[in-house]
file start-v1.txt (compact mmCIF, C-alpha atoms and all ligand atoms)
# COMPACT_ATOMS: atom_id res chain seq x y z
CA MET A 1 -13.79 -32.83 -6.53
CA LYS A 2 -15.14 -29.33 -6.00
CA THR A 3 -15.21 -26.15 -8.04
CA PRO A 4 -13.11 -23.60 -6.15
CA ASN A 5 -13.79 -19.89 -5.99
CA GLY A 6 -11.21 -17.26 -6.90
CA TYR A 7 -10.17 -16.63 -3.30
CA GLU A 8 -9.40 -20.31 -2.73
CA ILE A 9 -7.24 -20.43 -5.86
CA ILE A 10 -5.32 -17.27 -5.01
CA GLN A 11 -4.85 -18.28 -1.37
CA LEU A 12 -3.26 -21.47 -2.64
CA PHE A 13 -1.13 -19.69 -5.24
CA GLU A 14 0.12 -17.14 -2.69
CA GLN A 15 1.55 -19.94 -0.57
CA PHE A 16 3.94 -20.34 -3.50
CA ALA A 17 4.42 -16.65 -4.42
CA PRO A 18 3.41 -14.63 -1.33
CA LYS A 19 2.62 -10.97 -1.96
CA HIS A 20 4.96 -9.79 0.78
CA LEU A 21 7.95 -10.93 -1.34
CA ALA A 22 7.19 -8.31 -4.03
CA MET A 23 9.40 -5.25 -4.46
CA GLU A 24 8.00 -2.03 -3.00
CA GLY A 25 5.52 -0.27 -5.28
CA ASP A 26 5.00 -3.26 -7.56
CA LYS A 27 1.45 -3.55 -8.90
CA ILE A 28 0.46 -7.06 -7.98
CA GLY A 29 -2.68 -8.95 -7.05
CA LEU A 30 -6.17 -8.74 -8.49
CA GLN A 31 -6.23 -6.01 -11.13
CA ILE A 32 -9.49 -6.52 -13.01
CA GLY A 33 -12.77 -8.23 -12.10
CA THR A 34 -13.59 -10.23 -8.99
CA LEU A 35 -12.35 -13.36 -7.22
CA ASN A 36 -15.74 -13.82 -5.63
CA LYS A 37 -16.97 -16.34 -8.20
CA PRO A 38 -16.47 -20.01 -9.12
CA ILE A 39 -13.32 -20.69 -11.16
CA ARG A 40 -13.42 -23.53 -13.68
CA ARG A 41 -10.74 -22.46 -16.18
CA ILE A 42 -7.52 -20.54 -15.50
CA MET A 43 -5.16 -19.24 -18.15
CA ILE A 44 -1.48 -18.50 -17.48
CA THR A 45 0.21 -15.79 -19.54
CA LEU A 46 3.35 -13.66 -19.48
CA ASP A 47 1.63 -10.55 -20.88
CA VAL A 48 -1.96 -9.36 -21.09
CA LEU A 49 -2.57 -7.89 -24.55
CA GLU A 50 -5.87 -7.58 -26.40
CA HIS A 51 -5.33 -10.77 -28.43
CA VAL A 52 -4.39 -12.64 -25.22
CA VAL A 53 -7.78 -11.66 -23.81
CA ASP A 54 -9.41 -12.81 -27.09
CA GLU A 55 -7.75 -16.19 -26.56
CA ALA A 56 -9.11 -16.28 -22.99
CA ILE A 57 -12.63 -15.50 -24.23
CA ALA A 58 -12.39 -18.26 -26.86
CA HIS A 59 -11.42 -20.76 -24.14
CA GLY A 60 -14.06 -19.72 -21.61
CA ILE A 61 -11.46 -18.57 -19.08
CA ASP A 62 -12.64 -17.31 -15.65
CA LEU A 63 -9.26 -16.14 -14.33
CA ILE A 64 -6.02 -15.03 -16.00
CA ILE A 65 -2.82 -15.23 -13.98
CA ALA A 66 -0.25 -12.94 -15.60
CA HIS A 67 3.37 -12.14 -14.82
CA HIS A 68 3.35 -8.57 -16.17
CA PRO A 69 0.63 -6.47 -14.51
CA PRO A 70 -1.57 -5.05 -17.30
CA ILE A 71 -2.27 -2.01 -15.10
CA PHE A 72 1.21 -0.80 -14.20
CA ARG A 73 1.30 2.93 -14.92
CA PRO A 74 -1.55 4.99 -13.43
CA LEU A 75 -4.67 4.80 -15.61
CA LYS A 76 -5.84 8.14 -16.94
CA HIS A 77 -8.85 6.84 -18.84
CA ILE A 78 -10.53 3.67 -20.12
CA VAL A 79 -11.51 4.55 -23.67
CA THR A 80 -13.08 1.51 -25.26
CA ASP A 81 -12.36 2.29 -28.91
CA GLN A 82 -8.63 2.13 -28.13
CA PRO A 83 -6.86 -1.24 -27.72
CA TYR A 84 -6.02 -0.82 -24.04
CA GLY A 85 -9.51 0.27 -22.98
CA ARG A 86 -11.03 -2.40 -25.21
CA MET A 87 -8.90 -5.04 -23.49
CA ILE A 88 -10.26 -4.00 -20.08
CA GLU A 89 -13.81 -3.76 -21.46
CA LYS A 90 -13.58 -7.30 -22.88
CA CYS A 91 -12.41 -8.70 -19.53
CA ILE A 92 -15.29 -7.07 -17.68
CA LYS A 93 -17.92 -7.99 -20.29
CA HIS A 94 -16.77 -11.61 -20.32
CA ASN A 95 -16.36 -11.79 -16.54
CA ILE A 96 -12.63 -12.58 -16.74
CA ALA A 97 -10.60 -11.70 -13.67
CA ILE A 98 -6.94 -10.72 -14.02
CA TYR A 99 -4.46 -11.39 -11.26
CA ALA A 100 -0.80 -10.33 -11.53
CA ALA A 101 2.15 -12.04 -9.81
CA HIS A 102 5.20 -10.00 -10.77
CA THR A 103 8.31 -9.49 -8.59
CA ASN A 104 6.87 -11.83 -5.96
CA LEU A 105 6.95 -14.55 -8.63
CA ASP A 106 10.51 -13.54 -9.63
CA ILE A 107 11.67 -13.79 -6.00
CA ALA A 108 9.66 -16.87 -4.93
CA LYS A 109 11.62 -20.08 -4.27
CA GLY A 110 11.13 -22.16 -7.39
CA GLY A 111 9.83 -19.08 -9.28
CA VAL A 112 10.85 -17.29 -12.49
CA ASN A 113 14.56 -16.91 -11.70
CA ASP A 114 14.87 -20.50 -10.54
CA TRP A 115 13.16 -21.68 -13.74
CA LEU A 116 15.69 -19.65 -15.75
CA ALA A 117 18.64 -20.98 -13.71
CA GLU A 118 17.29 -24.49 -14.25
CA ALA A 119 16.92 -23.94 -18.00
CA LEU A 120 20.53 -22.70 -18.11
CA GLN A 121 21.53 -25.87 -16.20
CA LEU A 122 23.16 -23.94 -13.37
CA GLN A 123 24.34 -25.83 -10.31
CA ASN A 124 24.75 -24.74 -6.66
CA VAL A 125 22.18 -22.03 -7.25
CA ASP A 126 21.87 -19.19 -4.74
CA VAL A 127 20.09 -15.82 -4.49
CA LEU A 128 21.86 -12.98 -6.35
CA VAL A 129 20.28 -9.88 -4.74
CA PRO A 130 18.80 -10.62 -1.30
CA THR A 131 15.57 -8.72 -0.61
CA TYR A 132 14.00 -10.49 2.37
CA GLU A 133 15.09 -12.71 5.24
CA GLU A 134 12.44 -14.83 6.84
CA PRO A 135 11.78 -14.10 10.56
CA LEU A 136 12.05 -17.08 12.90
CA LYS A 137 10.30 -17.93 16.17
CA LYS A 138 11.22 -20.27 19.01
CA LEU A 139 8.37 -22.48 20.14
CA VAL A 140 8.59 -24.14 23.56
CA VAL A 141 5.96 -26.61 24.72
CA TYR A 142 5.60 -28.75 27.85
CA VAL A 143 4.35 -32.29 27.16
CA PRO A 144 3.86 -35.36 29.40
CA ARG A 145 6.62 -37.86 28.60
CA THR A 146 4.15 -40.36 27.18
CA HIS A 147 3.16 -37.94 24.41
CA ALA A 148 6.52 -36.28 23.67
CA ASP A 149 7.19 -38.37 20.54
CA ALA A 150 3.77 -37.65 19.06
CA VAL A 151 4.04 -33.90 19.68
CA ARG A 152 7.61 -33.73 18.29
CA LYS A 153 6.51 -35.58 15.17
CA ALA A 154 3.41 -33.41 14.66
CA MET A 155 5.43 -30.18 14.93
CA GLY A 156 8.23 -31.50 12.70
CA ASP A 157 5.78 -32.75 10.07
CA ALA A 158 4.16 -29.28 10.06
CA GLY A 159 7.54 -27.70 9.22
CA ALA A 160 9.09 -26.87 12.61
CA GLY A 161 12.74 -27.61 13.38
CA HIS A 162 14.26 -27.01 9.94
CA ILE A 163 17.95 -26.08 10.20
CA GLY A 164 19.94 -26.33 6.95
CA ASN A 165 19.49 -29.83 5.60
CA TYR A 166 18.06 -31.14 8.88
CA SER A 167 14.40 -31.41 9.75
CA HIS A 168 12.53 -32.24 13.01
CA CYS A 169 15.28 -30.58 15.13
CA THR A 170 14.30 -30.16 18.79
CA PHE A 171 15.98 -29.80 22.17
CA ASN A 172 14.41 -31.75 25.03
CA SER A 173 14.80 -31.39 28.77
CA GLU A 174 12.88 -33.30 31.41
CA GLY A 175 11.23 -31.87 34.51
CA ILE A 176 8.16 -31.93 36.66
CA GLY A 177 4.98 -30.13 35.68
CA MET A 178 2.54 -29.17 38.43
CA PHE A 179 -1.07 -28.07 38.23
CA LEU A 180 -4.23 -27.87 40.24
CA PRO A 181 -7.38 -28.65 38.27
CA GLU A 182 -10.07 -26.18 39.37
CA GLU A 183 -13.82 -26.42 39.23
CA GLY A 184 -15.05 -26.89 35.65
CA ALA A 185 -11.78 -28.49 34.49
CA ASN A 186 -11.77 -31.82 32.70
CA PRO A 187 -8.16 -32.90 33.24
CA PHE A 188 -6.43 -35.59 31.14
CA ILE A 189 -4.40 -36.47 34.26
CA GLY A 190 -5.44 -35.90 37.91
CA GLN A 191 -8.65 -34.73 39.44
CA GLN A 192 -10.36 -31.49 40.46
CA GLY A 193 -9.03 -29.82 43.58
CA LYS A 194 -5.92 -32.03 43.91
CA LEU A 195 -2.40 -30.71 43.17
CA GLU A 196 -0.95 -32.96 40.50
CA THR A 197 2.67 -33.56 39.47
CA VAL A 198 3.57 -35.05 36.09
CA GLU A 199 6.87 -35.98 34.44
CA GLU A 200 7.02 -33.67 31.46
CA VAL A 201 9.38 -32.84 28.64
CA ARG A 202 10.13 -29.26 27.63
CA ILE A 203 10.44 -29.40 23.83
CA GLU A 204 12.10 -26.46 22.06
CA THR A 205 12.05 -26.00 18.33
CA ILE A 206 12.47 -23.32 15.69
CA VAL A 207 9.62 -22.23 13.41
CA PRO A 208 9.54 -19.87 10.39
CA SER A 209 6.95 -17.15 11.09
CA ARG A 210 4.83 -18.12 8.10
CA LEU A 211 4.35 -21.64 9.57
CA GLN A 212 3.73 -20.55 13.16
CA ARG A 213 -0.05 -21.03 13.12
CA LYS A 214 0.17 -24.34 11.26
CA VAL A 215 2.76 -25.74 13.69
CA ILE A 216 0.86 -24.60 16.79
CA ARG A 217 -2.34 -26.13 15.42
CA ALA A 218 -0.56 -29.45 14.79
CA MET A 219 1.06 -29.33 18.24
CA LEU A 220 -2.29 -28.68 19.97
CA GLN A 221 -3.90 -31.56 18.10
CA ALA A 222 -1.20 -34.03 19.18
CA HIS A 223 -1.06 -32.75 22.77
CA PRO A 224 -3.25 -34.61 25.29
CA TYR A 225 -3.93 -31.68 27.65
CA GLU A 226 -7.09 -29.63 27.81
CA GLU A 227 -4.99 -26.49 28.37
CA VAL A 228 -1.54 -26.58 26.84
CA ALA A 229 1.36 -24.55 28.26
CA TYR A 230 3.51 -23.20 25.43
CA ASP A 231 5.60 -20.10 24.70
CA VAL A 232 6.50 -18.37 21.45
CA TYR A 233 9.63 -16.19 21.41
CA PRO A 234 10.72 -13.82 18.63
CA LEU A 235 14.30 -14.46 17.47
CA ASP A 236 17.01 -12.23 16.02
CA ASN A 237 18.46 -14.96 13.83
CA LYS A 238 16.86 -15.24 10.40
CA GLY A 239 15.63 -18.09 8.24
CA MET A 240 15.63 -18.47 4.50
CA THR A 241 16.95 -15.64 2.31
CA TYR A 242 14.78 -14.57 -0.63
CA GLY A 243 15.79 -12.26 -3.44
CA LEU A 244 15.98 -11.28 -7.07
CA GLY A 245 18.06 -13.23 -9.56
CA ARG A 246 20.15 -16.33 -9.05
CA ILE A 247 23.82 -17.20 -9.24
CA GLY A 248 25.19 -20.62 -10.03
CA THR A 249 27.89 -22.49 -11.91
CA LEU A 250 27.97 -24.35 -15.20
CA SER A 251 29.04 -27.98 -15.04
CA GLU A 252 32.08 -27.03 -17.12
CA GLU A 253 33.89 -23.88 -18.16
CA MET A 254 33.26 -22.63 -21.69
CA THR A 255 34.01 -19.57 -23.81
CA LEU A 256 31.62 -16.63 -23.77
CA GLN A 257 30.76 -17.47 -27.39
CA GLN A 258 29.86 -21.06 -26.46
CA PHE A 259 27.85 -19.81 -23.51
CA ALA A 260 25.92 -17.39 -25.74
CA GLU A 261 24.98 -20.37 -27.95
CA HIS A 262 24.00 -22.31 -24.83
CA VAL A 263 21.68 -19.45 -23.76
CA LYS A 264 20.07 -19.39 -27.22
CA THR A 265 19.27 -23.08 -27.20
CA SER A 266 18.32 -23.45 -23.55
CA LEU A 267 16.05 -20.38 -23.43
CA HIS A 268 14.69 -20.93 -26.97
CA VAL A 269 15.57 -17.52 -28.43
CA PRO A 270 16.69 -16.93 -32.03
CA ALA A 271 19.42 -14.42 -31.07
CA VAL A 272 21.21 -12.86 -28.12
CA ARG A 273 23.25 -9.69 -27.67
CA VAL A 274 26.66 -10.18 -26.10
CA VAL A 275 28.90 -7.75 -24.22
CA GLY A 276 32.50 -8.86 -23.63
CA GLU A 277 35.37 -10.71 -25.23
CA LEU A 278 33.93 -13.79 -26.99
CA ALA A 279 37.05 -15.86 -26.25
CA SER A 280 36.94 -15.18 -22.48
CA ARG A 281 36.22 -18.18 -20.25
CA VAL A 282 33.02 -18.36 -18.19
CA ARG A 283 31.74 -20.70 -15.52
CA LYS A 284 29.97 -18.67 -12.83
CA VAL A 285 26.68 -17.27 -14.11
CA ALA A 286 24.32 -14.63 -12.68
CA VAL A 287 20.80 -14.40 -14.10
CA ILE A 288 17.86 -12.04 -13.65
CA GLY A 289 14.77 -12.49 -15.79
CA GLY A 290 13.31 -9.39 -17.42
CA ASP A 291 15.15 -6.10 -17.02
CA GLY A 292 18.19 -6.46 -14.76
CA ASN A 293 20.01 -3.25 -15.76
CA LYS A 294 19.94 -2.00 -12.17
CA TYR A 295 21.89 -4.96 -10.82
CA ILE A 296 25.07 -5.15 -12.90
CA HIS A 297 27.19 -4.13 -9.90
CA GLU A 298 25.63 -6.89 -7.76
CA ALA A 299 26.34 -9.35 -10.59
CA LYS A 300 29.98 -8.22 -10.71
CA MET A 301 30.33 -8.27 -6.89
CA SER A 302 28.91 -11.80 -6.76
CA GLY A 303 31.93 -12.97 -8.75
CA ALA A 304 29.94 -13.91 -11.83
CA ASP A 305 31.90 -14.36 -15.07
CA VAL A 306 28.80 -13.57 -17.08
CA TYR A 307 25.44 -11.94 -16.38
CA VAL A 308 22.30 -12.99 -18.24
CA THR A 309 19.56 -10.37 -18.29
CA GLY A 310 17.19 -8.64 -20.71
CA ASP A 311 16.54 -5.10 -21.94
CA LEU A 312 20.21 -4.09 -21.60
CA TYR A 313 20.68 -0.35 -22.22
CA TYR A 314 23.52 0.99 -24.36
CA HIS A 315 25.11 2.90 -21.47
CA VAL A 316 24.72 0.02 -19.02
CA ALA A 317 26.47 -2.18 -21.58
CA HIS A 318 29.35 0.35 -21.51
CA ASP A 319 29.38 0.19 -17.71
CA ALA A 320 29.57 -3.61 -17.87
CA LEU A 321 32.48 -3.42 -20.31
CA MET A 322 34.34 -1.07 -17.98
CA LEU A 323 33.60 -3.34 -14.99
CA GLY A 324 34.96 -6.30 -16.95
CA LEU A 325 31.59 -8.10 -16.67
CA ASN A 326 30.41 -10.17 -19.62
CA VAL A 327 26.68 -9.88 -20.35
CA VAL A 328 24.39 -12.00 -22.49
CA ASP A 329 21.02 -10.37 -23.23
CA PRO A 330 18.46 -12.91 -24.48
CA GLY A 331 15.61 -10.34 -24.27
CA HIS A 332 12.81 -9.83 -21.78
CA HIS A 333 10.56 -12.46 -23.32
CA VAL A 334 12.55 -15.39 -21.85
CA GLU A 335 10.33 -14.91 -18.82
CA LYS A 336 7.84 -16.98 -20.82
CA VAL A 337 9.20 -19.92 -18.78
CA MET A 338 6.73 -18.78 -16.13
CA LYS A 339 3.77 -20.04 -18.19
CA GLU A 340 4.59 -23.74 -17.86
CA GLY A 341 6.16 -23.12 -14.44
CA VAL A 342 3.07 -21.58 -12.85
CA ALA A 343 0.77 -24.07 -14.60
CA ASN A 344 2.71 -27.01 -13.12
CA VAL A 345 2.74 -25.53 -9.61
CA LEU A 346 -0.99 -24.75 -9.72
CA LYS A 347 -1.90 -28.15 -11.18
CA THR A 348 -0.13 -29.92 -8.32
CA MET A 349 -1.65 -27.66 -5.67
CA CYS A 350 -5.18 -27.91 -7.10
CA ALA A 351 -4.91 -31.72 -7.35
CA GLN A 352 -3.93 -31.90 -3.67
CA GLN A 353 -6.99 -29.81 -2.76
CA LYS A 354 -9.21 -31.87 -5.12
CA PHE A 355 -10.16 -28.69 -6.98
CA ASP A 356 -11.96 -29.34 -10.23
CA VAL A 357 -10.24 -26.70 -12.32
CA ASP A 358 -8.66 -26.67 -15.75
CA ILE A 359 -5.32 -24.89 -16.14
CA TYR A 360 -4.52 -23.68 -19.61
CA VAL A 361 -1.22 -22.20 -20.83
CA SER A 362 -1.68 -19.28 -23.24
CA LYS A 363 -0.45 -20.05 -26.74
CA THR A 364 -0.44 -16.42 -27.86
CA HIS A 365 3.02 -15.21 -28.83
CA THR A 366 3.74 -11.92 -27.04
CA GLU A 367 7.39 -11.34 -28.05
CA PRO A 368 7.11 -7.91 -29.69
CA PHE A 369 10.40 -8.27 -31.59
CA THR A 370 11.15 -10.14 -34.78
CA PHE A 371 14.77 -11.19 -35.23
CA ILE A 372 15.96 -10.99 -38.86
ZN ZN B 1 9.34 -8.96 -16.85

call {"tool": "encode", "arguments": {"input": "start-v1.txt", "output": "structure tokens"}}
result
Amino acid sequence: MKTPNGYEIIQLFEQFAPKHLAMEGDKIGLQIGTLNKPIRRIMITLDVLEHVVDEAIAHGIDLIIAHHPPIFRPLKHIVTDQPYGRMIEKCIKHNIAIYAAHTNLDIAKGGVNDWLAEALQLQNVDVLVPTYEEPLKKLVVYVPRTHADAVRKAMGDAGAGHIGNYSHCTFNSEGIGMFLPEEGANPFIGQQGKLETVEEVRIETIVPSRLQRKVIRAMLQAHPYEEVAYDVYPLDNKGMTYGLGRIGTLSEEMTLQQFAEHVKTSLHVPAVRVVGELASRVRKVAVIGGDGNKYIHEAKMSGADVYVTGDLYYHVAHDALMLGLNVVDPGHHVEKVMKEGVANVLKTMCAQQKFDVDIYVSKTHTEPFTFI
């Protein structure tokens, strides 16, 4: 077991919620303090308020991972006898770093919107508003026949050759490789100064850009040659689609009223606001955590019977009524699912890396509203 530093933790975390997935202009990443220090205790929180920082101080926290960036609007001043400035002052005095994962965590596979879809027990879940399609590469490598199996396996195990529900996909054609080892070479087959021919296999496979380096490293390790001949081609076809919100179906149809009750119990909220005819039947559900006002048209276009999102404005509720789209608003605070969600992801990742780090879920209640 080793104590990681902040960079190691964040590098790991960003494999799950990469920064490039964030919406343009979002304020994500390290916001306060430094990552250049050992990290023994991490706290996960939805919001960073002064009493959340007090909780972090009481628990000896080195790093806070928050969903809502505490520095979102441009800072005009840091006045330390006001709550906001005091919050920043406390972090700096107590050497607590704050890192924000916002829309990148909403969009990430298995992130906030998937946790919400899971809590609502949606099935056949898909992306609601696509924001990014993963670029793909074609990797071609020439391998002596004796080592083709090992190289195929190494590349497949590293993530190459994923098409739909199939893994380790390759195309293989046989041919003759020729080479002349020159002075200074240490050939696996043949000898210096003699033209050599070898029965080789040309292995073609598809690789998501983000895994390109990992797959090539694995391929080179399994390949017997001193110098490996391989080509990487950019492709026009795209890989996985990422995006905001999710759409899925309930296991059985229910009335809007029953669904509203289902949202209350499954997202643990005392009340919801409902737009639409309570007796109407719903089965297909769109969900966006936080404020999804901007996306009611996408929700309607997706064929959803009901749209679950927070912070619904009066006029947007009118628009939804006119569109014939039911809406259930459980509030913005349902994004609290990210606390346990991120903690579980990080615990698994840190255990794999043998990082000696304690991950603590904030117990501070940050729902600003009381329902009476
Ligand atoms: Zn939010």

call {"tool": "residues_near_ligand", "arguments": {"input": "start-v1.txt", "ligand": "ligand ZN 1 (chain B)", "cutoff": "9 Å", "atoms": "only C-alpha atoms and all ligand atoms", "output": "PyMOL selection string"}}
result
chain A and resi 46-47+67-68+102-103+106+289-291+310+332-335

call {"tool": "residues_around", "arguments": {"input": "start-v1.txt", "residues": "segment 238-246 of chain A", "least_positions_apart": "6", "cutoff": "9 Å", "atoms": "all atoms listed in the file", "output": "PyMOL selection string"}}
result
chain A and resi 21+103+106-109+112-114+116-117+125-136+163+207-208+285-289+292

call {"tool": "closest_residue", "arguments": {"input": "start-v1.txt", "among": "A:Lys194, A:Arg210, A:Arg145, A:Lys37", "to": "Gly175 of chain A", "atoms": "all atoms listed in the file"}}
result
A:Arg145

call {"tool": "residues_near_point", "arguments": {"input": "start-v1.txt", "point": "(3.2, -16.6, -11.0)", "cutoff": "7 Å", "atoms": "only C-alpha atoms", "output": "short mmCIF file (atom, residue, chain, number, x, y, z; two decimals) with C-alpha atoms, in the coordinates of the input"}}
result
data_model
loop_
_atom_site.label_atom_id
_atom_site.label_comp_id
_atom_site.auth_asym_id
_atom_site.auth_seq_id
_atom_site.Cartn_x
_atom_site.Cartn_y
_atom_site.Cartn_z
CA ALA A 17 4.42 -16.65 -4.42
CA ILE A 65 -2.82 -15.23 -13.98
CA ALA A 66 -0.25 -12.94 -15.60
CA HIS A 67 3.37 -12.14 -14.82
CA ALA A 101 2.15 -12.04 -9.81
CA HIS A 102 5.20 -10.00 -10.77
CA LEU A 105 6.95 -14.55 -8.63
CA MET A 338 6.73 -18.78 -16.13
CA VAL A 342 3.07 -21.58 -12.85
#

call {"tool": "residues_around", "arguments": {"input": "start-v1.txt", "residues": "Tyr99 of chain A", "least_positions_apart": "6", "cutoff": "10 Å", "atoms": "only C-alpha atoms", "output": "PyMOL selection string"}}
result
chain A and resi 6+10+28-35+44+63-70

call {"tool": "atom_distance", "arguments": {"input": "start-v1.txt", "atom1": "atom CA of Ala222 of chain A", "atom2": "atom CA of Thr205 of chain A"}}
result
15.5 Å

call {"tool": "closest_atom_pairs", "arguments": {"input": "start-v1.txt", "of": "segment 287-324 of chain A", "to": "segment 274-282 of chain A", "cutoff": "10 Å", "atoms": "all atoms listed in the file", "output": "tab-separated table"}}
result
residue	atom	partner	partner_atom	distance
A:Ala304	CA	A:Val282	CA	8.4
A:Asp305	CA	A:Val282	CA	5.2
A:Val306	CA	A:Val282	CA	6.5
A:Tyr307	CA	A:Val275	CA	9.5
A:Val308	CA	A:Val274	CA	9.4
A:Leu312	CA	A:Val275	CA	9.8
A:Ala317	CA	A:Val275	CA	6.6
A:His318	CA	A:Val275	CA	8.6
A:Ala320	CA	A:Val275	CA	7.6
A:Leu321	CA	A:Gly276	CA	6.4
A:Met322	CA	A:Gly276	CA	9.8
A:Gly324	CA	A:Gly276	CA	7.6

call {"tool": "closest_residue", "arguments": {"input": "start-v1.txt", "among": "A:Thr348, A:Gln191, A:Thr370, A:Thr3", "to": "Val269 of chain A", "atoms": "only C-alpha atoms"}}
result
A:Thr370

call {"tool": "residues_around", "arguments": {"input": "start-v1.txt", "residues": "Met349 of chain A", "least_positions_apart": "6", "cutoff": "9 Å", "atoms": "only C-alpha atoms", "output": "list of chain:residue names"}}
result
A:Leu12, A:Phe13, A:Phe355

call {"tool": "closest_residue", "arguments": {"input": "start-v1.txt", "among": "A:Lys93, A:His77, A:Leu180, A:His223", "to": "His147 of chain A", "atoms": "all atoms listed in the file"}}
result
A:His223

call {"tool": "closest_residue", "arguments": {"input": "start-v1.txt", "among": "A:Ala119, A:Leu211, A:Ile189, A:Cys350", "to": "Ser266 of chain A", "atoms": "only C-alpha atoms"}}
result
A:Ala119

call {"tool": "closest_residue", "arguments": {"input": "start-v1.txt", "among": "A:Thr170, A:Gly110, A:Glu227, A:Val151", "to": "Gly341 of chain A", "atoms": "all atoms listed in the file"}}
result
A:Gly110

call {"tool": "closest_residue", "arguments": {"input": "start-v1.txt", "among": "A:Lys2, A:His262, A:His365, A:His20", "to": "Glu55 of chain A", "atoms": "all atoms listed in the file"}}
result
A:His365

call {"tool": "residues_around", "arguments": {"input": "start-v1.txt", "residues": "Leu49 of chain A", "least_positions_apart": "5", "cutoff": "8 Å", "atoms": "all atoms listed in the file", "output": "compact mmCIF listing (two decimals) with C-alpha atoms, keeping the file's coordinate frame"}}
result
# COMPACT_ATOMS: atom_id res chain seq x y z
CA PRO A 70 -1.57 -5.05 -17.30
CA TYR A 84 -6.02 -0.82 -24.04
CA MET A 87 -8.90 -5.04 -23.49
CA THR A 366 3.74 -11.92 -27.04

call {"tool": "residues_around", "arguments": {"input": "start-v1.txt", "residues": "Glu200 of chain A", "least_positions_apart": "6", "cutoff": "8 Å", "atoms": "all atoms listed in the file", "output": "JSON list (two decimals) with C-alpha atoms, in the coordinates of the input"}}
result
[["chain", "number", "residue", "atom", "x", "y", "z"],
["A", 142, "TYR", "CA", 5.60, -28.75, 27.85],
["A", 143, "VAL", "CA", 4.35, -32.29, 27.16],
["A", 144, "PRO", "CA", 3.86, -35.36, 29.40],
["A", 145, "ARG", "CA", 6.62, -37.86, 28.60],
["A", 174, "GLU", "CA", 12.88, -33.30, 31.41],
["A", 175, "GLY", "CA", 11.23, -31.87, 34.51],
["A", 176, "ILE", "CA", 8.16, -31.93, 36.66],
["A", 177, "GLY", "CA", 4.98, -30.13, 35.68]]

call {"tool": "atom_distance", "arguments": {"input": "start-v1.txt", "atom1": "atom CA of His162 of chain A", "atom2": "atom CA of Ile206 of chain A"}}
result
7.1 Å

call {"tool": "atom_distance", "arguments": {"input": "start-v1.txt", "atom1": "atom CA of Leu323 of chain A", "atom2": "atom CA of Ala299 of chain A"}}
result
10.4 Å

call {"tool": "decode", "arguments": {"input": "start-v1.txt", "residues": "segment 38-49 of chain A", "atoms": "N, CA and C atoms", "output": "compact mmCIF listing (two decimals), in the first residue's frame"}}
result
# COMPACT_ATOMS: atom_id res chain seq x y z
N PRO A 38 0.74 14.67 -0.61
CA PRO A 38 0.17 13.34 -0.33
C PRO A 38 -1.31 13.47 0.03
N ILE A 39 -2.10 12.51 -0.39
CA ILE A 39 -3.54 12.51 -0.09
C ILE A 39 -3.87 11.27 0.74
N ARG A 40 -4.32 11.50 1.96
CA ARG A 40 -4.69 10.38 2.84
C ARG A 40 -6.20 10.26 2.99
N ARG A 41 -6.88 11.42 2.99
CA ARG A 41 -8.35 11.40 3.17
C ARG A 41 -9.02 12.28 2.12
N ILE A 42 -10.01 11.70 1.44
CA ILE A 42 -10.77 12.43 0.41
C ILE A 42 -12.21 12.52 0.86
N MET A 43 -12.82 13.67 0.66
CA MET A 43 -14.26 13.78 0.96
C MET A 43 -15.02 14.06 -0.34
N ILE A 44 -16.16 13.38 -0.50
CA ILE A 44 -17.01 13.59 -1.68
C ILE A 44 -18.24 14.39 -1.25
N THR A 45 -18.52 15.46 -2.00
CA THR A 45 -19.68 16.29 -1.67
C THR A 45 -20.36 16.77 -2.95
N LEU A 46 -21.66 17.08 -2.82
CA LEU A 46 -22.38 17.67 -3.96
C LEU A 46 -22.04 19.16 -4.05
N ASP A 47 -22.07 19.84 -2.91
CA ASP A 47 -21.86 21.30 -2.87
C ASP A 47 -20.73 21.62 -1.90
N VAL A 48 -20.05 22.73 -2.17
CA VAL A 48 -19.04 23.20 -1.21
C VAL A 48 -19.58 24.48 -0.56
N LEU A 49 -20.04 24.35 0.67
CA LEU A 49 -20.50 25.50 1.45
C LEU A 49 -19.58 25.59 2.67
